[in-house]
>>> print(open('model.txt').read())   # compact mmCIF, C-alpha atoms
# COMPACT_ATOMS: atom_id res chain seq x y z
CA MET A 1 -9.10 -21.50 3.37
CA ILE A 2 -8.56 -25.00 1.95
CA LEU A 3 -8.29 -23.60 -1.59
CA LEU A 4 -5.79 -20.96 -0.46
CA VAL A 5 -3.66 -23.56 1.36
CA ILE A 6 -3.42 -25.78 -1.72
CA GLY A 7 -2.28 -22.82 -3.82
CA VAL A 8 -5.41 -21.70 -5.68
CA PRO A 9 -5.19 -17.94 -6.50
CA VAL A 10 -7.17 -15.91 -3.97
CA GLY A 11 -9.59 -14.44 -6.56
CA VAL A 12 -10.44 -17.89 -7.92
CA GLY A 13 -10.67 -19.38 -4.43
CA LEU A 14 -13.16 -16.78 -3.23
CA GLY A 15 -15.26 -17.21 -6.36
CA LEU A 16 -15.33 -21.01 -6.21
CA ALA A 17 -16.19 -21.06 -2.51
CA SER A 18 -19.02 -18.60 -3.14
CA LEU A 19 -20.30 -20.65 -6.09
CA VAL A 20 -20.39 -23.81 -3.96
CA TYR A 21 -22.45 -21.98 -1.32
CA VAL A 22 -24.89 -20.63 -3.93
CA ILE A 23 -25.40 -24.12 -5.40
CA LEU A 24 -25.85 -25.79 -1.99
CA ALA A 25 -28.27 -23.04 -0.89
CA GLY A 26 -30.38 -23.62 -4.01
CA LEU A 27 -29.95 -20.06 -5.26
CA PRO A 28 -29.92 -19.29 -9.00
CA ASP A 29 -26.30 -19.33 -10.17
CA VAL A 30 -26.83 -16.01 -12.01
CA VAL A 31 -26.59 -14.42 -8.53
CA VAL A 32 -22.84 -15.02 -8.64
CA LEU A 33 -22.38 -13.11 -11.90
CA HIS A 34 -24.76 -10.34 -10.83
CA ARG A 35 -22.91 -9.72 -7.55
CA MET A 36 -19.46 -9.99 -9.14
CA VAL A 37 -20.31 -7.45 -11.84
CA GLY A 38 -21.85 -5.17 -9.22
CA GLY A 39 -18.65 -5.39 -7.16
CA VAL A 40 -16.52 -3.85 -9.91
CA ASP A 41 -19.13 -1.52 -11.42
CA SER A 42 -17.73 1.56 -9.70
CA PHE A 43 -16.29 4.80 -11.11
CA PRO A 44 -13.69 5.26 -8.31
CA LEU A 45 -12.22 1.81 -9.09
CA LEU A 46 -11.11 3.21 -12.46
CA ALA A 47 -8.33 4.94 -10.53
CA ILE A 48 -6.65 1.57 -9.88
CA PRO A 49 -5.41 0.79 -13.42
CA PHE A 50 -4.28 4.39 -13.94
CA PHE A 51 -2.24 4.54 -10.73
CA ILE A 52 -0.72 1.13 -11.56
CA LEU A 53 0.14 2.41 -15.05
CA ALA A 54 1.71 5.58 -13.62
CA GLY A 55 3.90 3.52 -11.28
CA HIS A 56 5.04 1.19 -14.07
CA LEU A 57 5.82 4.13 -16.37
CA MET A 58 7.96 5.73 -13.68
CA ASN A 59 9.96 2.52 -13.23
CA SER A 60 10.45 2.10 -16.98
CA GLY A 61 11.13 5.78 -17.71
CA GLY A 62 14.09 6.24 -15.37
CA ILE A 63 12.13 8.44 -12.97
CA THR A 64 12.79 6.02 -10.12
CA GLU A 65 16.56 6.56 -10.41
CA ARG A 66 16.12 10.36 -10.23
CA LEU A 67 14.11 10.04 -7.03
CA PHE A 68 16.73 7.71 -5.55
CA ALA A 69 19.53 10.16 -6.41
CA PHE A 70 17.66 13.05 -4.77
CA ALA A 71 16.97 11.01 -1.62
CA ARG A 72 20.65 10.00 -1.56
CA SER A 73 21.84 13.62 -1.58
CA LEU A 74 19.25 14.55 1.06
CA VAL A 75 19.80 11.88 3.76
CA GLY A 76 22.86 9.92 2.59
CA TRP A 77 25.11 11.86 5.04
CA MET A 78 23.57 10.08 8.06
CA PRO A 79 25.16 6.94 9.58
CA GLY A 80 23.87 4.02 7.52
CA GLY A 81 23.26 6.55 4.75
CA LEU A 82 22.03 4.25 2.00
CA ALA A 83 19.51 2.62 4.33
CA HIS A 84 18.07 6.06 5.11
CA VAL A 85 18.06 6.76 1.37
CA ASN A 86 16.07 3.56 0.95
CA VAL A 87 13.36 4.85 3.30
CA GLY A 88 13.43 8.38 1.85
CA ALA A 89 13.11 7.13 -1.72
CA SER A 90 10.09 5.02 -0.73
CA VAL A 91 8.42 8.12 0.73
CA LEU A 92 8.98 10.01 -2.53
CA PHE A 93 7.82 7.10 -4.70
CA ALA A 94 4.79 6.57 -2.42
CA GLY A 95 3.40 9.89 -3.59
CA MET A 96 3.18 8.55 -7.14
CA SER A 97 2.37 4.83 -7.28
CA GLY A 98 0.24 3.93 -4.24
CA ALA A 99 1.27 0.26 -4.30
CA ALA A 100 3.75 -1.55 -2.04
CA VAL A 101 4.50 -4.21 -4.65
CA ALA A 102 5.33 -1.54 -7.26
CA ASP A 103 7.70 0.10 -4.78
CA ALA A 104 9.39 -3.20 -3.91
CA GLY A 105 9.68 -4.30 -7.53
CA GLY A 106 10.75 -0.94 -8.98
CA LEU A 107 12.80 0.85 -6.33
CA GLY A 108 13.78 -2.40 -4.61
CA ASN A 109 16.10 -3.49 -7.41
CA VAL A 110 17.91 -0.12 -7.39
CA GLU A 111 18.11 0.08 -3.59
CA ILE A 112 19.36 -3.43 -2.90
CA LYS A 113 21.95 -3.23 -5.68
CA ALA A 114 23.30 0.09 -4.30
CA MET A 115 23.42 -1.19 -0.70
CA ARG A 116 25.15 -4.41 -1.73
CA GLY A 117 27.75 -2.45 -3.67
CA ALA A 118 28.44 -0.26 -0.62
CA GLY A 119 29.13 -3.29 1.60
CA TYR A 120 25.85 -3.57 3.52
CA ASP A 121 24.63 -7.00 4.62
CA VAL A 122 22.19 -8.24 2.00
CA ASP A 123 19.75 -9.31 4.74
CA PHE A 124 19.72 -5.78 6.15
CA ALA A 125 19.20 -4.33 2.66
CA VAL A 126 16.27 -6.67 2.01
CA GLY A 127 14.71 -5.94 5.42
CA VAL A 128 14.86 -2.16 5.00
CA THR A 129 13.54 -2.36 1.43
CA ALA A 130 10.63 -4.60 2.41
CA ALA A 131 9.60 -2.47 5.39
CA SER A 132 9.90 0.86 3.56
CA SER A 133 7.82 -0.38 0.63
CA THR A 134 4.77 -0.59 2.93
CA ILE A 135 4.77 3.22 3.14
CA GLY A 136 3.53 3.34 -0.47
CA PRO A 137 -0.15 2.55 0.17
CA ILE A 138 -0.33 4.82 3.25
CA ILE A 139 1.01 8.09 1.81
CA PRO A 140 -1.40 9.26 -0.91
CA PRO A 141 -2.27 8.11 -3.51
CA SER A 142 -3.18 4.61 -2.34
CA LEU A 143 -4.80 1.72 -4.18
CA PRO A 144 -6.05 -0.01 -0.97
CA MET A 145 -7.56 3.30 0.21
CA ILE A 146 -9.52 3.51 -3.04
CA VAL A 147 -10.93 0.02 -2.52
CA TYR A 148 -11.76 0.80 1.12
CA GLY A 149 -13.44 4.07 0.13
CA VAL A 150 -15.64 2.26 -2.40
CA MET A 151 -16.60 -0.47 0.08
CA ALA A 152 -17.21 1.91 3.00
CA SER A 153 -18.78 4.74 0.95
CA ALA A 154 -16.13 7.02 2.50
CA SER A 155 -14.44 10.01 0.89
CA ILE A 156 -11.38 8.77 -0.99
CA GLY A 157 -9.93 12.29 -0.93
CA GLN A 158 -10.16 12.39 2.88
CA LEU A 159 -8.67 8.89 3.12
CA PHE A 160 -5.73 10.00 0.98
CA ILE A 161 -5.07 13.04 3.17
CA ALA A 162 -5.56 11.03 6.38
CA GLY A 163 -2.72 8.69 5.40
CA LEU A 164 -0.09 11.43 5.09
CA VAL A 165 0.90 11.82 8.77
CA PRO A 166 0.82 8.05 9.53
CA GLY A 167 2.99 7.43 6.45
CA LEU A 168 5.57 9.98 7.57
CA LEU A 169 5.52 8.42 11.06
CA MET A 170 6.28 5.05 9.49
CA ALA A 171 9.25 6.56 7.67
CA LEU A 172 10.53 8.26 10.84
CA SER A 173 10.23 5.06 12.91
CA LEU A 174 12.09 3.04 10.26
CA MET A 175 14.86 5.63 10.14
CA VAL A 176 15.23 5.40 13.93
CA MET A 177 15.54 1.61 13.55
CA VAL A 178 18.14 2.08 10.80
CA MET A 179 20.16 4.42 13.03
CA TRP A 180 20.17 1.81 15.79
CA PHE A 181 21.36 -0.92 13.40
CA SER A 182 23.97 1.44 11.91
CA TRP A 183 25.34 2.30 15.35
CA ARG A 184 25.50 -1.38 16.35
CA ARG A 185 27.13 -2.56 13.11
CA GLY A 186 29.20 0.48 12.22
CA TYR A 187 27.59 1.17 8.85
CA PRO A 188 29.19 4.15 7.07
CA ARG A 189 27.77 7.44 5.87
CA ASP A 190 27.15 7.35 2.14
CA GLU A 191 28.38 10.83 1.27
CA GLY A 192 28.92 14.23 2.86
CA PHE A 193 26.08 16.73 2.95
CA SER A 194 26.27 19.52 0.39
CA PHE A 195 23.57 22.10 -0.35
CA ALA A 196 24.88 22.38 -3.89
CA HIS A 197 24.59 18.62 -4.41
CA VAL A 198 21.08 18.54 -2.92
CA TRP A 199 20.02 21.46 -5.13
CA GLN A 200 21.45 19.81 -8.23
CA ASN A 201 19.58 16.54 -7.61
CA PHE A 202 16.45 18.43 -6.61
CA CYS A 203 16.46 20.22 -9.96
CA LEU A 204 16.89 16.88 -11.76
CA ALA A 205 14.00 15.34 -9.79
CA LEU A 206 11.78 18.44 -9.66
CA LEU A 207 9.35 17.45 -12.40
CA PRO A 208 8.75 13.92 -11.00
CA LEU A 209 8.35 15.44 -7.52
CA LEU A 210 5.50 17.57 -8.84
CA THR A 211 3.43 14.39 -9.35
CA PRO A 212 2.20 14.07 -5.73
CA ALA A 213 1.55 17.82 -5.66
CA LEU A 214 -0.57 17.42 -8.80
CA ILE A 215 -2.50 14.49 -7.32
CA ILE A 216 -3.10 15.77 -3.79
CA GLY A 217 -3.42 19.42 -4.78
CA GLY A 218 -6.00 18.59 -7.42
CA ILE A 219 -8.08 16.46 -5.06
CA THR A 220 -7.99 18.85 -2.08
CA THR A 221 -8.83 21.88 -4.19
CA GLY A 222 -11.68 20.05 -5.90
CA ALA A 223 -10.10 20.42 -9.33
CA PHE A 224 -10.64 16.74 -10.00
CA THR A 225 -11.73 13.48 -8.38
CA PRO A 226 -9.26 10.75 -7.28
CA THR A 227 -10.02 8.88 -10.52
CA GLU A 228 -9.30 11.95 -12.61
CA ALA A 229 -6.16 12.51 -10.53
CA ALA A 230 -4.96 9.04 -11.55
CA VAL A 231 -5.50 9.91 -15.22
CA ALA A 232 -3.63 13.19 -14.70
CA ALA A 233 -0.72 11.27 -13.10
CA VAL A 234 -0.48 9.00 -16.14
CA ALA A 235 -0.60 11.95 -18.54
CA TRP A 236 2.12 13.77 -16.57
CA THR A 237 4.32 10.67 -16.40
CA LEU A 238 3.96 10.08 -20.13
CA PHE A 239 4.87 13.71 -20.76
CA LEU A 240 8.03 13.33 -18.65
CA GLY A 241 9.05 9.99 -20.13
CA VAL A 242 8.30 10.70 -23.79
CA ILE A 243 8.80 14.46 -24.21
CA VAL A 244 11.11 15.67 -21.42
CA TYR A 245 13.49 12.76 -20.71
CA ARG A 246 12.83 10.79 -23.92
CA SER A 247 13.42 7.58 -21.99
CA LEU A 248 10.14 5.90 -22.95
CA THR A 249 9.77 4.28 -26.36
CA TRP A 250 6.60 2.79 -27.83
CA ARG A 251 8.02 -0.66 -27.02
CA HIS A 252 8.39 0.36 -23.35
CA ILE A 253 4.90 1.81 -23.25
CA LEU A 254 3.27 -1.27 -24.81
CA ARG A 255 5.07 -3.59 -22.38
CA VAL A 256 4.05 -1.41 -19.44
CA MET A 257 0.43 -1.37 -20.61
CA PHE A 258 0.44 -5.16 -20.88
CA ASP A 259 1.84 -5.47 -17.33
CA THR A 260 -0.81 -3.02 -16.12
CA LEU A 261 -3.57 -5.06 -17.76
CA GLN A 262 -2.34 -8.21 -16.05
CA MET A 263 -2.17 -6.61 -12.60
CA THR A 264 -5.50 -4.80 -13.04
CA GLY A 265 -7.21 -8.01 -14.16
CA ALA A 266 -5.92 -9.86 -11.11
CA ILE A 267 -7.02 -7.09 -8.71
CA LEU A 268 -10.49 -6.73 -10.26
CA LEU A 269 -11.02 -10.50 -10.20
CA ILE A 270 -10.24 -10.44 -6.48
CA ILE A 271 -12.63 -7.52 -5.90
CA ALA A 272 -15.39 -9.19 -7.93
CA SER A 273 -15.00 -12.55 -6.17
CA ALA A 274 -14.73 -10.90 -2.76
CA ALA A 275 -17.94 -8.96 -3.49
CA ILE A 276 -20.02 -12.14 -3.80
CA PHE A 277 -18.19 -13.61 -0.78
CA ALA A 278 -18.95 -10.48 1.27
CA TRP A 279 -22.61 -10.59 0.14
CA ILE A 280 -22.86 -14.15 1.45
CA LEU A 281 -21.39 -13.08 4.80
CA ILE A 282 -23.80 -10.15 5.08
CA SER A 283 -26.88 -12.12 3.97
CA ASN A 284 -26.12 -14.69 6.66
CA GLN A 285 -25.83 -11.88 9.23
CA VAL A 286 -22.18 -12.66 9.95
CA ALA A 287 -21.58 -8.93 10.46
CA ALA A 288 -24.41 -8.70 12.98
CA HIS A 289 -23.23 -11.80 14.85
CA LEU A 290 -19.63 -10.57 14.95
CA SER A 291 -20.80 -7.14 16.11
CA ASP A 292 -22.84 -8.72 18.91
CA ALA A 293 -19.90 -10.92 19.91
CA ILE A 294 -17.45 -7.99 20.03
CA LEU A 295 -19.86 -5.68 21.86
CA THR A 296 -20.62 -8.45 24.35
CA VAL A 297 -16.95 -8.39 25.34
CA SER A 298 -16.82 -4.58 25.52
CA ASP A 299 -18.39 -1.48 24.02
CA ASN A 300 -15.35 0.64 24.90
CA PRO A 301 -14.00 2.14 21.63
CA SER A 302 -10.38 1.32 22.56
CA MET A 303 -11.19 -2.32 23.29
CA VAL A 304 -13.24 -2.60 20.10
CA MET A 305 -10.35 -1.10 18.12
CA LEU A 306 -7.95 -3.61 19.71
CA MET A 307 -10.20 -6.52 18.71
CA ILE A 308 -10.52 -5.13 15.18
CA LEU A 309 -6.73 -4.88 14.97
CA LEU A 310 -6.32 -8.52 15.99
CA ILE A 311 -8.88 -9.66 13.40
CA VAL A 312 -7.24 -7.63 10.60
CA LEU A 313 -3.69 -8.70 11.50
CA ILE A 314 -4.67 -12.39 11.59
CA LEU A 315 -6.54 -12.20 8.28
CA GLY A 316 -3.62 -10.27 6.79
CA LEU A 317 -1.41 -13.31 7.35
CA PHE A 318 -3.45 -15.36 4.91
CA MET A 319 -5.11 -13.00 2.45
CA GLU A 320 -4.10 -10.43 -0.15
CA THR A 321 -4.82 -6.80 0.78
CA VAL A 322 -7.63 -6.03 -1.68
CA ALA A 323 -9.50 -9.25 -0.91
CA ALA A 324 -9.13 -8.68 2.84
CA ILE A 325 -10.49 -5.13 2.60
CA THR A 326 -13.44 -6.22 0.45
CA ILE A 327 -14.42 -8.90 2.95
CA LEU A 328 -13.60 -7.08 6.18
CA VAL A 329 -15.22 -3.69 5.57
CA PRO A 330 -18.89 -4.84 5.43
CA VAL A 331 -18.28 -6.85 8.61
CA LEU A 332 -16.17 -4.46 10.69
CA LEU A 333 -17.49 -1.03 9.66
CA PRO A 334 -20.88 -1.38 11.44
CA VAL A 335 -19.08 -2.51 14.62
CA ALA A 336 -16.68 0.43 14.49
CA THR A 337 -19.29 3.10 13.75
CA SER A 338 -21.56 1.78 16.52
CA VAL A 339 -18.95 2.77 19.12
CA GLY A 340 -18.04 6.08 17.46
CA ILE A 341 -14.95 5.14 15.44
CA ASP A 342 -14.66 7.37 12.38
CA PRO A 343 -14.79 5.43 9.05
CA VAL A 344 -11.80 7.41 7.71
CA HIS A 345 -9.76 6.61 10.83
CA LEU A 346 -10.76 2.94 10.53
CA GLY A 347 -9.67 2.91 6.89
CA VAL A 348 -6.16 4.14 7.69
CA VAL A 349 -5.83 1.61 10.53
CA VAL A 350 -7.07 -1.32 8.40
CA VAL A 351 -4.79 -0.49 5.47
CA LEU A 352 -1.76 0.01 7.75
CA ALA A 353 -2.41 -3.32 9.48
CA LEU A 354 -2.76 -5.10 6.15
CA MET A 355 0.54 -3.56 4.98
CA ILE A 356 2.19 -5.39 7.87
CA GLY A 357 0.56 -8.54 6.49
CA LEU A 358 2.53 -8.02 3.26
CA LEU A 359 5.69 -8.68 5.30
CA THR A 360 4.50 -11.83 7.05
CA PRO A 361 4.26 -15.41 5.76
CA PRO A 362 2.57 -17.34 4.31
CA VAL A 363 1.08 -14.69 1.94
CA GLY A 364 3.69 -11.93 2.18
CA LEU A 365 3.60 -10.60 -1.38
CA VAL A 366 6.39 -8.06 -0.84
CA LEU A 367 8.64 -10.83 0.48
CA TYR A 368 8.08 -12.92 -2.65
CA VAL A 369 8.85 -9.93 -4.88
CA LEU A 370 12.07 -9.10 -3.03
CA ALA A 371 13.13 -12.74 -2.99
CA ALA A 372 12.95 -12.63 -6.80
CA VAL A 373 14.65 -9.22 -7.06
CA SER A 374 17.49 -9.93 -4.61
CA GLY A 375 18.08 -13.63 -5.25
CA VAL A 376 17.67 -14.28 -1.49
CA SER A 377 15.48 -17.20 -0.39
CA PHE A 378 11.96 -16.49 0.90
CA ASP A 379 12.78 -17.85 4.38
CA ARG A 380 15.80 -15.58 4.60
CA CYS A 381 13.69 -12.59 3.52
CA VAL A 382 11.25 -13.37 6.35
CA ARG A 383 14.04 -13.40 8.95
CA ALA A 384 15.62 -10.23 7.52
CA THR A 385 12.35 -8.32 7.67
CA ALA A 386 11.22 -9.45 11.15
CA PRO A 387 13.10 -6.74 13.18
CA PHE A 388 11.53 -3.98 11.08
CA LEU A 389 8.04 -5.13 12.04
CA ILE A 390 8.63 -3.63 15.51
CA PRO A 391 8.57 0.07 14.47
CA LEU A 392 5.68 -0.57 12.08
CA VAL A 393 3.58 -2.19 14.83
CA VAL A 394 4.40 0.71 17.19
CA VAL A 395 3.15 3.20 14.57
CA LEU A 396 0.05 1.06 13.97
CA LEU A 397 -0.83 1.18 17.68
CA LEU A 398 -0.21 4.95 17.83
CA VAL A 399 -2.43 5.60 14.81
CA ALA A 400 -5.13 3.21 16.09
CA PHE A 401 -5.40 4.73 19.57
CA VAL A 402 -4.61 8.38 18.77
CA PRO A 403 -7.25 9.13 16.10
CA GLN A 404 -6.12 12.73 15.56
CA LEU A 405 -2.90 11.50 13.96
CA SER A 406 -4.99 10.54 10.94
CA LEU A 407 -8.03 12.80 11.32
CA ALA A 408 -6.49 16.19 12.16
CA LEU A 409 -5.33 16.97 8.62
CA PRO A 410 -8.58 16.02 6.79
CA GLU A 411 -10.59 17.96 9.39
CA ALA A 412 -8.37 21.03 9.01
CA LEU A 413 -8.59 21.00 5.21
CA ALA A 414 -12.36 20.42 5.31
CA ARG A 415 -12.96 23.65 7.25
>>> encode(input="model.txt", output="structure tokens")
Amino acid sequence: MILLVIGVPVGVGLGLASLVYVILAGLPDVVVLHRMVGGVDSFPLLAIPFFILAGHLMNSGGITERLFAFARSLVGWMPGGLAHVNVGASVLFAGMSGAAVADAGGLGNVEIKAMRGAGYDVDFAVGVTAASSTIGPIIPPSLPMIVYGVMASASIGQLFIAGLVPGLLMALSLMVMVMWFSWRRGYPRDEGFSFAHVWQNFCLALLPLLTPALIIGGITTGAFTPTEAAVAAVAWTLFLGVIVYRSLTWRHILRVMFDTLQMTGAILLIIASAAIFAWILISNQVAAHLSDAILTVSDNPSMVMLMILLIVLILGLFMETVAAITILVPVLLPVATSVGIDPVHLGVVVVLALMIGLLTPPVGLVLYVLAAVSGVSFDRCVRATAPFLIPLVVVLLLVAFVPQLSLALPEALAR
């Protein structure tokens, strides 16, 4: 915590803290390397760089603008039209990238610019964009779900499918909030509804819209694994950008690959460092002690889920999503399963709660990205986003205490 407070990157901070413990405990320092390598030596983790690459290619290849135009024709007729478009575009983009930061950085620039040009308050535009970007890692595919699946030895395919209904609930709740703001402030409709206009934009966006169908359809039918689905998404995106739209040049592709390498390196360093940190927690029976402490208070599944939520939300204030998942899962999963909480249900709840952490200081990564994109100060971004936390927290509580919202679809498809 001291290292994080003074600004040391989370991956380095976790690794240094673990190294200090190993030295003070008199353990051979090779343990650190062994555990770190073991933490990233996983086939499913290969999906991470490919999904990141697919998201970057979409942003660079003009696919993002096509999705935005289709969402605009679909929901722009509602009061506060462009704000609804903002949410709708995030839902569409969520089915391709699986990362909130990619959504905020890629779509965010387009969305905020359009809303500013139409006369919306910049604070409102930033708040809607920040909140809607958190849908990305809930609707499949999802990078945090992949990490959780690896740590919990849970089916990544089932986790992907389990996030679909909660993600759509998030979108619906945000659109209700947008309608309330639009009614209070008199925000205009963006454009009239026209089936011809919707059809025209649908045709333009049809090929990009096939990406989530390719990913989810391939996984649910058993045609390929989540990792292979990520490779297929990259191949499809390259085909669209290079062959169909001819918007991607070799210069674009090389720059995108470099950005992907940087982001992948940062994520894998966090996972590797968190793996040794989690091993230290487990070897010192922190999980067992925490389980005993929680079950001493109550063994009621609802009360246990409430305590888990509080722990995840508090940690989400201070820690990046991947690091938090890597540390939390070995500690919380035994507690949850001991009272009958399904690991897939727990995964959706943990990821959703950590998405809320992306919108809260001091480590709100989405807020930092949007501050850079919009030119609005970080403090102002925090204030602008605060009202939109209300619908997200409501959905989190619904998903946490009504398990079938996340489990019904995977169970139905598994039959």
>>> atom_distance(input="model.txt", atom1="CA of Met175 (chain A)", atom2="CA of Val87 (chain A)")
7.0 Å
>>> closest_residue(input="model.txt", among="A:Val40, A:Ala83, A:Phe202, A:Asp123", to="Val176 (chain A)", atoms="only C-alpha atoms")
A:Ala83
>>> closest_atom_pairs(input="model.txt", of="region 85-187 of chain A", to="region 268-278 of chain A", cutoff="12 Å", atoms="all atoms listed in the file", output="CSV")
residue,atom,partner,partner_atom,distance
A:Leu143,CA,A:Leu268,CA,11.9
A:Pro144,CA,A:Ile271,CA,11.1
A:Ile146,CA,A:Ile271,CA,11.8
A:Val147,CA,A:Ile271,CA,8.4
A:Tyr148,CA,A:Ile271,CA,10.9
A:Val150,CA,A:Ile271,CA,10.8
A:Met151,CA,A:Ala275,CA,9.3
>>> closest_residue(input="model.txt", among="A:Tyr21, A:Phe239, A:Phe160, A:Tyr245", to="Ile216 (chain A)", atoms="all atoms listed in the file")
A:Phe160
>>> closest_residue(input="model.txt", among="A:Ala162, A:Val399, A:Ile23, A:Leu354", to="Ala323 (chain A)", atoms="only C-alpha atoms")
A:Leu354
>>> closest_residue(input="model.txt", among="A:Ile314, A:Leu67, A:Met36, A:Val12", to="Leu210 (chain A)", atoms="only C-alpha atoms")
A:Leu67
>>> atom_distance(input="model.txt", atom1="CA of Leu281 (chain A)", atom2="CA of Ile267 (chain A)")
20.6 Å
>>> atom_distance(input="model.txt", atom1="CA of Gly222 (chain A)", atom2="CA of Pro410 (chain A)")
13.7 Å
>>> closest_atom_pairs(input="model.txt", of="region 183-288 of chain A", to="region 124-142 of chain A", cutoff="12 Å", atoms="all atoms listed in the file", output="JSON lines")
{"residue": "A:Arg185", "atom": "CA", "partner": "A:Phe124", "partner_atom": "CA", "distance": 10.7}
{"residue": "A:Tyr187", "atom": "CA", "partner": "A:Phe124", "partner_atom": "CA", "distance": 10.8}
{"residue": "A:Thr211", "atom": "CA", "partner": "A:Pro141", "partner_atom": "CA", "distance": 10.3}
{"residue": "A:Pro212", "atom": "CA", "partner": "A:Pro140", "partner_atom": "CA", "distance": 7.7}
{"residue": "A:Ala213", "atom": "CA", "partner": "A:Pro140", "partner_atom": "CA", "distance": 10.2}
{"residue": "A:Leu214", "atom": "CA", "partner": "A:Pro141", "partner_atom": "CA", "distance": 10.8}
{"residue": "A:Ile215", "atom": "CA", "partner": "A:Pro141", "partner_atom": "CA", "distance": 7.4}
{"residue": "A:Ile216", "atom": "CA", "partner": "A:Pro140", "partner_atom": "CA", "distance": 7.3}
{"residue": "A:Gly217", "atom": "CA", "partner": "A:Pro140", "partner_atom": "CA", "distance": 11.1}
{"residue": "A:Gly218", "atom": "CA", "partner": "A:Pro141", "partner_atom": "CA", "distance": 11.8}
{"residue": "A:Ile219", "atom": "CA", "partner": "A:Pro141", "partner_atom": "CA", "distance": 10.3}
{"residue": "A:Thr220", "atom": "CA", "partner": "A:Pro140", "partner_atom": "CA", "distance": 11.7}
{"residue": "A:Thr225", "atom": "CA", "partner": "A:Pro141", "partner_atom": "CA", "distance": 11.9}
{"residue": "A:Pro226", "atom": "CA", "partner": "A:Pro141", "partner_atom": "CA", "distance": 8.4}
{"residue": "A:Thr227", "atom": "CA", "partner": "A:Pro141", "partner_atom": "CA", "distance": 10.5}
{"residue": "A:Ala229", "atom": "CA", "partner": "A:Pro141", "partner_atom": "CA", "distance": 9.2}
{"residue": "A:Ala230", "atom": "CA", "partner": "A:Pro141", "partner_atom": "CA", "distance": 8.5}
{"residue": "A:Ala233", "atom": "CA", "partner": "A:Pro141", "partner_atom": "CA", "distance": 10.2}
>>> closest_atom_pairs(input="model.txt", of="region 296-317 of chain A", to="region 341-344 of chain A", cutoff="10 Å", atoms="all atoms listed in the file", output="CSV")
residue,atom,partner,partner_atom,distance
A:Pro301,CA,A:Ile341,CA,6.9
A:Ser302,CA,A:Ile341,CA,9.3
A:Val304,CA,A:Ile341,CA,9.2
A:Met305,CA,A:Ile341,CA,8.2
>>> residues_around(input="model.txt", residues="Val382 (chain A)", least_positions_apart="4", cutoff="8 Å", atoms="all atoms listed in the file", output="VMD selection string")
chain A and resid 359 to 361 367 378 386
>>> closest_residue(input="model.txt", among="A:Val198, A:Ala400, A:Val244, A:Ala17", to="Trp77 (chain A)", atoms="all atoms listed in the file")
A:Val198
>>> residues_near_point(input="model.txt", point="(28.3, 16.6, 5.8)", cutoff="9 Å", atoms="only C-alpha atoms", output="list in words")
Trp77, Met78, Glu191, Gly192, Phe193 and Ser194 of chain A
>>> decode(input="model.txt", residues="region 113-145 of chain A", atoms="C-alpha atoms", output="CSV table (one decimal), in the first residue's frame")
chain,number,residue,atom,x,y,z
A,113,LYS,CA,-16.7,15.3,-29.4
A,114,ALA,CA,-20.2,14.6,-30.9
A,115,MET,CA,-22.0,15.5,-27.6
A,116,ARG,CA,-20.0,18.7,-27.2
A,117,GLY,CA,-20.9,19.7,-30.8
A,118,ALA,CA,-24.6,19.1,-30.1
A,119,GLY,CA,-24.6,21.4,-27.1
A,120,TYR,CA,-24.5,18.9,-24.2
A,121,ASP,CA,-22.7,19.8,-21.0
A,122,VAL,CA,-19.2,18.5,-21.2
A,123,ASP,CA,-19.5,17.1,-17.6
A,124,PHE,CA,-22.6,15.1,-18.6
A,125,ALA,CA,-20.8,13.8,-21.7
A,126,VAL,CA,-17.8,12.7,-19.7
A,127,GLY,CA,-20.0,11.0,-17.0
A,128,VAL,CA,-22.1,9.0,-19.5
A,129,THR,CA,-19.0,8.0,-21.4
A,130,ALA,CA,-17.2,6.8,-18.3
A,131,ALA,CA,-20.1,4.9,-17.0
A,132,SER,CA,-21.0,3.2,-20.3
A,133,SER,CA,-17.4,2.1,-20.8
A,134,THR,CA,-17.7,-0.2,-17.8
A,135,ILE,CA,-20.1,-2.4,-19.8
A,136,GLY,CA,-17.2,-3.5,-22.0
A,137,PRO,CA,-15.7,-6.1,-19.6
A,138,ILE,CA,-19.2,-7.5,-18.6
A,139,ILE,CA,-20.6,-8.2,-22.0
A,140,PRO,CA,-18.5,-11.0,-23.7
A,141,PRO,CA,-15.7,-11.1,-24.5
A,142,SER,CA,-14.0,-9.9,-21.3
A,143,LEU,CA,-10.4,-9.6,-20.4
A,144,PRO,CA,-11.1,-9.6,-16.6
A,145,MET,CA,-13.3,-12.7,-17.0
